[in-house]
Amino acid sequence: MKQELDTLIAANRRSFLKGAGFTGLGVAGAALIGANFGSSITKVHAADTVDDADILNFALNLEYLEAEFYCMATYGATLVQLGVITSADESGPTTGGSKVPNFSGSPMATLATALRVDEIAHVKYLRSALGSSAVKKPAIDLNALGYGYSSVDSWLKLARQFEDVGTSAYLGAAPLISSKTYLAAAGAILAVESFHAGAIRLGCIMNAVTSPAVDSQDIPPTTSKPFDNDSNSLAIPRTTSEVLNIVYAGGSSKGGFYPDGMNGVITSQS
């Protein structure tokens, strides 16, 4: 399967956005690609072309972050320490975070374990699909927001933000994928991320956990608003720029959870 997918990457490599990254596409192009999802297409840092592999590598950067979070929260160890990837597969270390105390006595323990298993599987799946094109894990700071590990409630607070942003990132990227094979793969991961988000949101509501909004589009879970959807009951997509603004904590090319920035082509807001 890896050889077939590597061949697909080469066959589908294309220059659909020339000049200044995504900027030249403008509002008209965004309307064509984003349809009624409300997406806008943004500039890609230092890139003349963007292809399916670049988009999936953007997703892989996010999967590295989620997997590291759940591994640290449940095992107190990183992907390298657990043998999921080797030190040669990362361009910087994962720092911060710790094993969450009292998980074993919480109803959230089963959920936390399942999330760890799924996110590790997503990392492996995308790395296998991308083959030699897969980017290395970037340096990650799990303590970028200063919470997520002191208690189960603190973990829910950060997990909710990760899952809702991850879901919106896949939805925002889907219209940009040209290969049906890759689109189907991304759609399958999107569905699982949505399962994760729903479960975590319910956990927040049941435990009366307030998970702060990450931007103006975000709808934190409450008893009156259990789902993260707009006034038309549609899931909220985010562009790469909007996602980067969140995970970089407002930085344009690095910061927040990625102190040195993401790896790959899609790495900057501007």
# chains A, B, ... in the order shown; residues from 1 in each chain; ligands from 1
$ residues_around --residues "stretch 67-72 of chain A" --least-positions-apart "4" --cutoff "9 Å" --atoms "only C-alpha atoms" --output "PyMOL selection string"
chain A and resi 62-63+76-79+82+94+96-100+112-113+115-123+140+142+148-149+159
$ residues_around --residues "stretch 253-258 of chain A" --least-positions-apart "3" --cutoff "7 Å" --atoms "only C-alpha atoms" --output "ChimeraX atom specification"
/A:139-142,144,247-249,261-262,267-269
$ write_last_selection --atoms "C-alpha atoms" --output "PDB file, in the first residue's frame"
ATOM      1  CA  ALA A 139       9.810  20.326  18.545  1.00  0.00           C
ATOM      2  CA  ILE A 140       6.670  20.362  20.705  1.00  0.00           C
ATOM      3  CA  ASP A 141       5.977  22.152  23.993  1.00  0.00           C
ATOM      4  CA  LEU A 142       3.079  20.340  25.647  1.00  0.00           C
ATOM      5  CA  ALA A 144       2.314  25.866  26.089  1.00  0.00           C
ATOM      6  CA  VAL A 247      -1.399  26.257  17.904  1.00  0.00           C
ATOM      7  CA  TYR A 248       1.293  28.958  17.584  1.00  0.00           C
ATOM      8  CA  ALA A 249      -0.499  30.967  20.312  1.00  0.00           C
ATOM      9  CA  GLY A 261       7.287  25.999  13.995  1.00  0.00           C
ATOM     10  CA  MET A 262       5.795  23.063  12.136  1.00  0.00           C
ATOM     11  CA  THR A 267       4.110  26.384   8.266  1.00  0.00           C
ATOM     12  CA  SER A 268       3.243  30.089   8.371  1.00  0.00           C
ATOM     13  CA  GLN A 269       0.203  32.319   8.627  1.00  0.00           C
TER      14      GLN A 269
END
$ select_by_dssp --residues "stretch 44-240 of chain A" --states "helix (DSSP H, G or I)" --output "PyMOL selection string"
chain A and resi 52-75+87-89+103-105+108-133+152-176+180-206+240
$ write_last_selection --atoms "C-alpha atoms" --output "JSON list (two decimals), in the first residue's frame"
[["chain", "number", "residue", "atom", "x", "y", "z"],
["A", 52, "ASP", "CA", -1.76, 16.61, -1.43],
["A", 53, "ALA", "CA", 1.39, 15.49, 0.37],
["A", 54, "ASP", "CA", 1.86, 19.01, 1.76],
["A", 55, "ILE", "CA", -1.69, 19.05, 3.07],
["A", 56, "LEU", "CA", -1.37, 15.62, 4.70],
["A", 57, "ASN", "CA", 1.94, 16.67, 6.25],
["A", 58, "PHE", "CA", 0.17, 19.64, 7.80],
["A", 59, "ALA", "CA", -2.27, 17.13, 9.30],
["A", 60, "LEU", "CA", 0.65, 14.93, 10.43],
["A", 61, "ASN", "CA", 2.13, 17.85, 12.40],
["A", 62, "LEU", "CA", -1.17, 18.12, 14.27],
["A", 63, "GLU", "CA", -1.36, 14.36, 14.82],
["A", 64, "TYR", "CA", 2.13, 14.41, 16.33],
["A", 65, "LEU", "CA", 0.91, 17.00, 18.83],
["A", 66, "GLU", "CA", -2.26, 15.12, 19.77],
["A", 67, "ALA", "CA", -0.44, 11.81, 20.08],
["A", 68, "GLU", "CA", 2.27, 13.33, 22.27],
["A", 69, "PHE", "CA", -0.39, 14.91, 24.48],
["A", 70, "TYR", "CA", -2.25, 11.64, 25.09],
["A", 71, "CYS", "CA", 0.93, 9.61, 25.50],
["A", 72, "MET", "CA", 2.28, 12.03, 28.08],
["A", 73, "ALA", "CA", -1.06, 12.35, 29.90],
["A", 74, "THR", "CA", -1.57, 8.58, 30.21],
["A", 75, "TYR", "CA", 1.96, 7.14, 30.20],
["A", 87, "SER", "CA", 14.92, 10.12, 17.55],
["A", 88, "ALA", "CA", 15.85, 10.28, 13.86],
["A", 89, "ASP", "CA", 12.17, 10.87, 13.09],
["A", 103, "PHE", "CA", -6.79, 8.69, 35.87],
["A", 104, "SER", "CA", -7.21, 5.10, 37.05],
["A", 105, "GLY", "CA", -10.06, 6.09, 39.33],
["A", 108, "MET", "CA", -12.37, 9.17, 31.74],
["A", 109, "ALA", "CA", -9.59, 6.55, 31.95],
["A", 110, "THR", "CA", -11.07, 4.34, 29.22],
["A", 111, "LEU", "CA", -11.56, 7.36, 26.98],
["A", 112, "ALA", "CA", -8.02, 8.60, 27.56],
["A", 113, "THR", "CA", -6.57, 5.20, 26.66],
["A", 114, "ALA", "CA", -8.66, 4.96, 23.48],
["A", 115, "LEU", "CA", -7.61, 8.46, 22.45],
["A", 116, "ARG", "CA", -3.95, 7.58, 22.92],
["A", 117, "VAL", "CA", -4.33, 4.44, 20.80],
["A", 118, "ASP", "CA", -6.18, 6.28, 18.03],
["A", 119, "GLU", "CA", -3.80, 9.22, 17.80],
["A", 120, "ILE", "CA", -0.74, 6.96, 17.71],
["A", 121, "ALA", "CA", -2.46, 5.01, 14.94],
["A", 122, "HIS", "CA", -3.11, 8.25, 13.02],
["A", 123, "VAL", "CA", 0.58, 9.16, 13.23],
["A", 124, "LYS", "CA", 1.59, 5.72, 11.96],
["A", 125, "TYR", "CA", -1.05, 5.76, 9.22],
["A", 126, "LEU", "CA", -0.10, 9.16, 7.83],
["A", 127, "ARG", "CA", 3.62, 8.41, 8.03],
["A", 128, "SER", "CA", 3.06, 5.16, 6.15],
["A", 129, "ALA", "CA", 0.85, 6.82, 3.54],
["A", 130, "LEU", "CA", 3.34, 9.63, 2.96],
["A", 131, "GLY", "CA", 6.36, 7.35, 2.96],
["A", 132, "SER", "CA", 9.58, 9.22, 2.28],
["A", 133, "SER", "CA", 7.57, 12.46, 1.99],
["A", 152, "VAL", "CA", -8.57, 14.89, 34.97],
["A", 153, "ASP", "CA", -10.56, 18.12, 34.70],
["A", 154, "SER", "CA", -7.47, 19.99, 33.53],
["A", 155, "TRP", "CA", -6.85, 17.25, 30.96],
["A", 156, "LEU", "CA", -10.44, 17.55, 29.68],
["A", 157, "LYS", "CA", -9.97, 21.30, 29.35],
["A", 158, "LEU", "CA", -7.04, 20.92, 26.93],
["A", 159, "ALA", "CA", -8.23, 17.73, 25.22],
["A", 160, "ARG", "CA", -11.45, 19.47, 24.21],
["A", 161, "GLN", "CA", -9.50, 22.26, 22.54],
["A", 162, "PHE", "CA", -7.24, 19.82, 20.68],
["A", 163, "GLU", "CA", -10.11, 17.67, 19.40],
["A", 164, "ASP", "CA", -12.35, 20.49, 18.21],
["A", 165, "VAL", "CA", -9.46, 22.27, 16.47],
["A", 166, "GLY", "CA", -8.27, 19.01, 14.92],
["A", 167, "THR", "CA", -11.72, 18.28, 13.53],
["A", 168, "SER", "CA", -12.02, 21.78, 12.07],
["A", 169, "ALA", "CA", -8.54, 21.51, 10.51],
["A", 170, "TYR", "CA", -9.42, 18.34, 8.59],
["A", 171, "LEU", "CA", -12.71, 19.85, 7.45],
["A", 172, "GLY", "CA", -11.00, 23.02, 6.26],
["A", 173, "ALA", "CA", -8.32, 21.06, 4.36],
["A", 174, "ALA", "CA", -10.63, 18.53, 2.70],
["A", 175, "PRO", "CA", -11.64, 20.73, -0.28],
["A", 176, "LEU", "CA", -7.95, 21.22, -1.14],
["A", 180, "LYS", "CA", -9.74, 10.62, -4.02],
["A", 181, "THR", "CA", -7.61, 8.10, -2.15],
["A", 182, "TYR", "CA", -6.18, 10.77, 0.12],
["A", 183, "LEU", "CA", -9.53, 12.51, 0.48],
["A", 184, "ALA", "CA", -11.11, 9.25, 1.62],
["A", 185, "ALA", "CA", -8.29, 8.73, 4.13],
["A", 186, "ALA", "CA", -8.59, 12.29, 5.47],
["A", 187, "GLY", "CA", -12.38, 11.90, 5.67],
["A", 188, "ALA", "CA", -12.02, 8.71, 7.69],
["A", 189, "ILE", "CA", -9.67, 10.44, 10.15],
["A", 190, "LEU", "CA", -12.01, 13.44, 10.29],
["A", 191, "ALA", "CA", -14.87, 11.16, 11.31],
["A", 192, "VAL", "CA", -12.82, 9.65, 14.13],
["A", 193, "GLU", "CA", -11.67, 13.08, 15.32],
["A", 194, "SER", "CA", -15.36, 14.05, 15.44],
["A", 195, "PHE", "CA", -16.08, 10.98, 17.58],
["A", 196, "HIS", "CA", -13.27, 12.08, 19.89],
["A", 197, "ALA", "CA", -14.55, 15.65, 20.08],
["A", 198, "GLY", "CA", -18.09, 14.55, 20.91],
["A", 199, "ALA", "CA", -16.92, 12.26, 23.70],
["A", 200, "ILE", "CA", -14.62, 14.88, 25.19],
["A", 201, "ARG", "CA", -17.28, 17.58, 24.99],
["A", 202, "LEU", "CA", -19.69, 15.32, 26.87],
["A", 203, "GLY", "CA", -16.98, 14.66, 29.44],
["A", 204, "CYS", "CA", -16.57, 18.40, 29.96],
["A", 205, "ILE", "CA", -20.30, 18.86, 30.45],
["A", 206, "MET", "CA", -20.62, 15.91, 32.84],
["A", 240, "THR", "CA", -4.49, 26.46, 7.82]]
$ atom_distance --atom1 "atom CA of A:Arg238" --atom2 "atom CA of A:Gln217"
8.9 Å
$ atom_distance --atom1 "atom CA of A:Val209" --atom2 "atom CA of A:Thr95"
25.4 Å
$ select_by_dssp --residues "stretch 94-238 of chain A" --states "strand (DSSP E)" --output "VMD selection string"
chain A and resid 94 to 95 140 to 141
$ residues_around --residues "A:Asp228" --least-positions-apart "2" --cutoff "7 Å" --atoms "only C-alpha atoms" --output "PyMOL selection string"
chain A and resi 219+226+235
$ decode --residues "stretch 56-101 of chain A" --atoms "N, CA and C atoms" --output "compact mmCIF listing (two decimals), in the first residue's frame"
# COMPACT_ATOMS: atom_id res chain seq x y z
N LEU A 56 -1.39 16.72 3.73
CA LEU A 56 -1.37 15.62 4.70
C LEU A 56 -0.24 15.79 5.70
N ASN A 57 0.86 16.40 5.29
CA ASN A 57 1.94 16.67 6.25
C ASN A 57 1.53 17.72 7.27
N PHE A 58 0.72 18.68 6.84
CA PHE A 58 0.17 19.64 7.80
C PHE A 58 -0.65 18.89 8.85
N ALA A 59 -1.48 17.94 8.38
CA ALA A 59 -2.27 17.13 9.30
C ALA A 59 -1.37 16.28 10.20
N LEU A 60 -0.28 15.76 9.65
CA LEU A 60 0.65 14.93 10.43
C LEU A 60 1.27 15.73 11.57
N ASN A 61 1.62 16.99 11.32
CA ASN A 61 2.13 17.85 12.40
C ASN A 61 1.15 17.92 13.56
N LEU A 62 -0.14 18.04 13.24
CA LEU A 62 -1.17 18.12 14.27
C LEU A 62 -1.34 16.78 14.98
N GLU A 63 -1.24 15.69 14.22
CA GLU A 63 -1.36 14.36 14.82
C GLU A 63 -0.20 14.07 15.77
N TYR A 64 0.99 14.55 15.41
CA TYR A 64 2.13 14.41 16.33
C TYR A 64 1.80 15.06 17.67
N LEU A 65 1.23 16.26 17.61
CA LEU A 65 0.91 17.00 18.83
C LEU A 65 -0.13 16.26 19.66
N GLU A 66 -1.20 15.82 19.02
CA GLU A 66 -2.26 15.12 19.77
C GLU A 66 -1.73 13.82 20.37
N ALA A 67 -0.97 13.07 19.58
CA ALA A 67 -0.44 11.81 20.08
C ALA A 67 0.50 12.03 21.26
N GLU A 68 1.36 13.04 21.16
CA GLU A 68 2.27 13.33 22.27
C GLU A 68 1.48 13.72 23.53
N PHE A 69 0.43 14.49 23.35
CA PHE A 69 -0.39 14.91 24.48
C PHE A 69 -0.98 13.70 25.21
N TYR A 70 -1.61 12.79 24.46
CA TYR A 70 -2.25 11.64 25.09
C TYR A 70 -1.25 10.63 25.64
N CYS A 71 -0.11 10.49 24.97
CA CYS A 71 0.93 9.61 25.50
C CYS A 71 1.47 10.14 26.82
N MET A 72 1.75 11.44 26.86
CA MET A 72 2.28 12.03 28.08
C MET A 72 1.25 11.98 29.20
N ALA A 73 -0.01 12.30 28.88
CA ALA A 73 -1.06 12.35 29.90
C ALA A 73 -1.36 10.98 30.51
N THR A 74 -1.22 9.91 29.71
CA THR A 74 -1.57 8.58 30.21
C THR A 74 -0.37 7.73 30.60
N TYR A 75 0.76 7.93 29.93
CA TYR A 75 1.96 7.14 30.20
C TYR A 75 3.08 7.95 30.85
N GLY A 76 3.03 9.26 30.69
CA GLY A 76 4.14 10.09 31.15
C GLY A 76 5.37 9.91 30.29
N ALA A 77 5.16 9.57 29.01
CA ALA A 77 6.26 9.32 28.09
C ALA A 77 5.93 9.87 26.71
N THR A 78 6.98 10.12 25.91
CA THR A 78 6.80 10.68 24.57
C THR A 78 6.76 9.56 23.53
N LEU A 79 6.47 9.94 22.30
CA LEU A 79 6.43 8.98 21.19
C LEU A 79 7.79 8.29 21.01
N VAL A 80 8.87 9.05 21.16
CA VAL A 80 10.20 8.47 21.03
C VAL A 80 10.46 7.50 22.18
N GLN A 81 10.12 7.89 23.39
CA GLN A 81 10.34 7.04 24.55
C GLN A 81 9.52 5.75 24.49
N LEU A 82 8.37 5.83 23.84
CA LEU A 82 7.50 4.66 23.70
C LEU A 82 7.85 3.81 22.48
N GLY A 83 8.78 4.30 21.66
CA GLY A 83 9.20 3.54 20.49
C GLY A 83 8.28 3.66 19.29
N VAL A 84 7.35 4.61 19.32
CA VAL A 84 6.44 4.82 18.18
C VAL A 84 7.22 5.39 17.00
N ILE A 85 8.11 6.33 17.29
CA ILE A 85 9.04 6.88 16.31
C ILE A 85 10.43 6.87 16.95
N THR A 86 11.45 7.05 16.13
CA THR A 86 12.81 7.11 16.66
C THR A 86 13.27 8.56 16.77
N SER A 87 14.38 8.76 17.43
CA SER A 87 14.92 10.12 17.55
C SER A 87 15.28 10.68 16.19
N ALA A 88 15.55 9.82 15.21
CA ALA A 88 15.85 10.28 13.86
C ALA A 88 14.60 10.78 13.15
N ASP A 89 13.44 10.46 13.70
CA ASP A 89 12.17 10.87 13.09
C ASP A 89 11.66 12.19 13.64
N GLU A 90 12.45 12.87 14.46
CA GLU A 90 12.03 14.16 15.00
C GLU A 90 13.12 15.20 14.76
N SER A 91 12.69 16.44 14.57
CA SER A 91 13.65 17.53 14.39
C SER A 91 13.87 18.31 15.67
N GLY A 92 13.10 17.99 16.67
CA GLY A 92 13.23 18.63 17.98
C GLY A 92 12.52 17.80 19.02
N PRO A 93 12.85 17.97 20.29
CA PRO A 93 12.25 17.15 21.34
C PRO A 93 10.84 17.57 21.70
N THR A 94 10.15 16.70 22.38
CA THR A 94 8.85 17.04 22.99
C THR A 94 9.10 17.28 24.46
N THR A 95 8.72 18.46 24.93
CA THR A 95 8.95 18.83 26.32
C THR A 95 7.64 19.22 26.99
N GLY A 96 7.65 19.30 28.31
CA GLY A 96 6.48 19.73 29.06
C GLY A 96 5.47 18.61 29.25
N GLY A 97 4.47 18.90 30.05
CA GLY A 97 3.44 17.91 30.31
C GLY A 97 3.89 16.86 31.30
N SER A 98 2.95 16.05 31.77
CA SER A 98 3.25 14.99 32.72
C SER A 98 2.06 14.04 32.76
N LYS A 99 2.26 12.91 33.40
CA LYS A 99 1.18 11.95 33.54
C LYS A 99 0.11 12.53 34.46
N VAL A 100 -1.14 12.43 34.04
CA VAL A 100 -2.25 12.99 34.82
C VAL A 100 -2.53 12.08 36.02
N PRO A 101 -2.57 12.64 37.22
CA PRO A 101 -2.83 11.82 38.41
C PRO A 101 -4.29 11.37 38.48
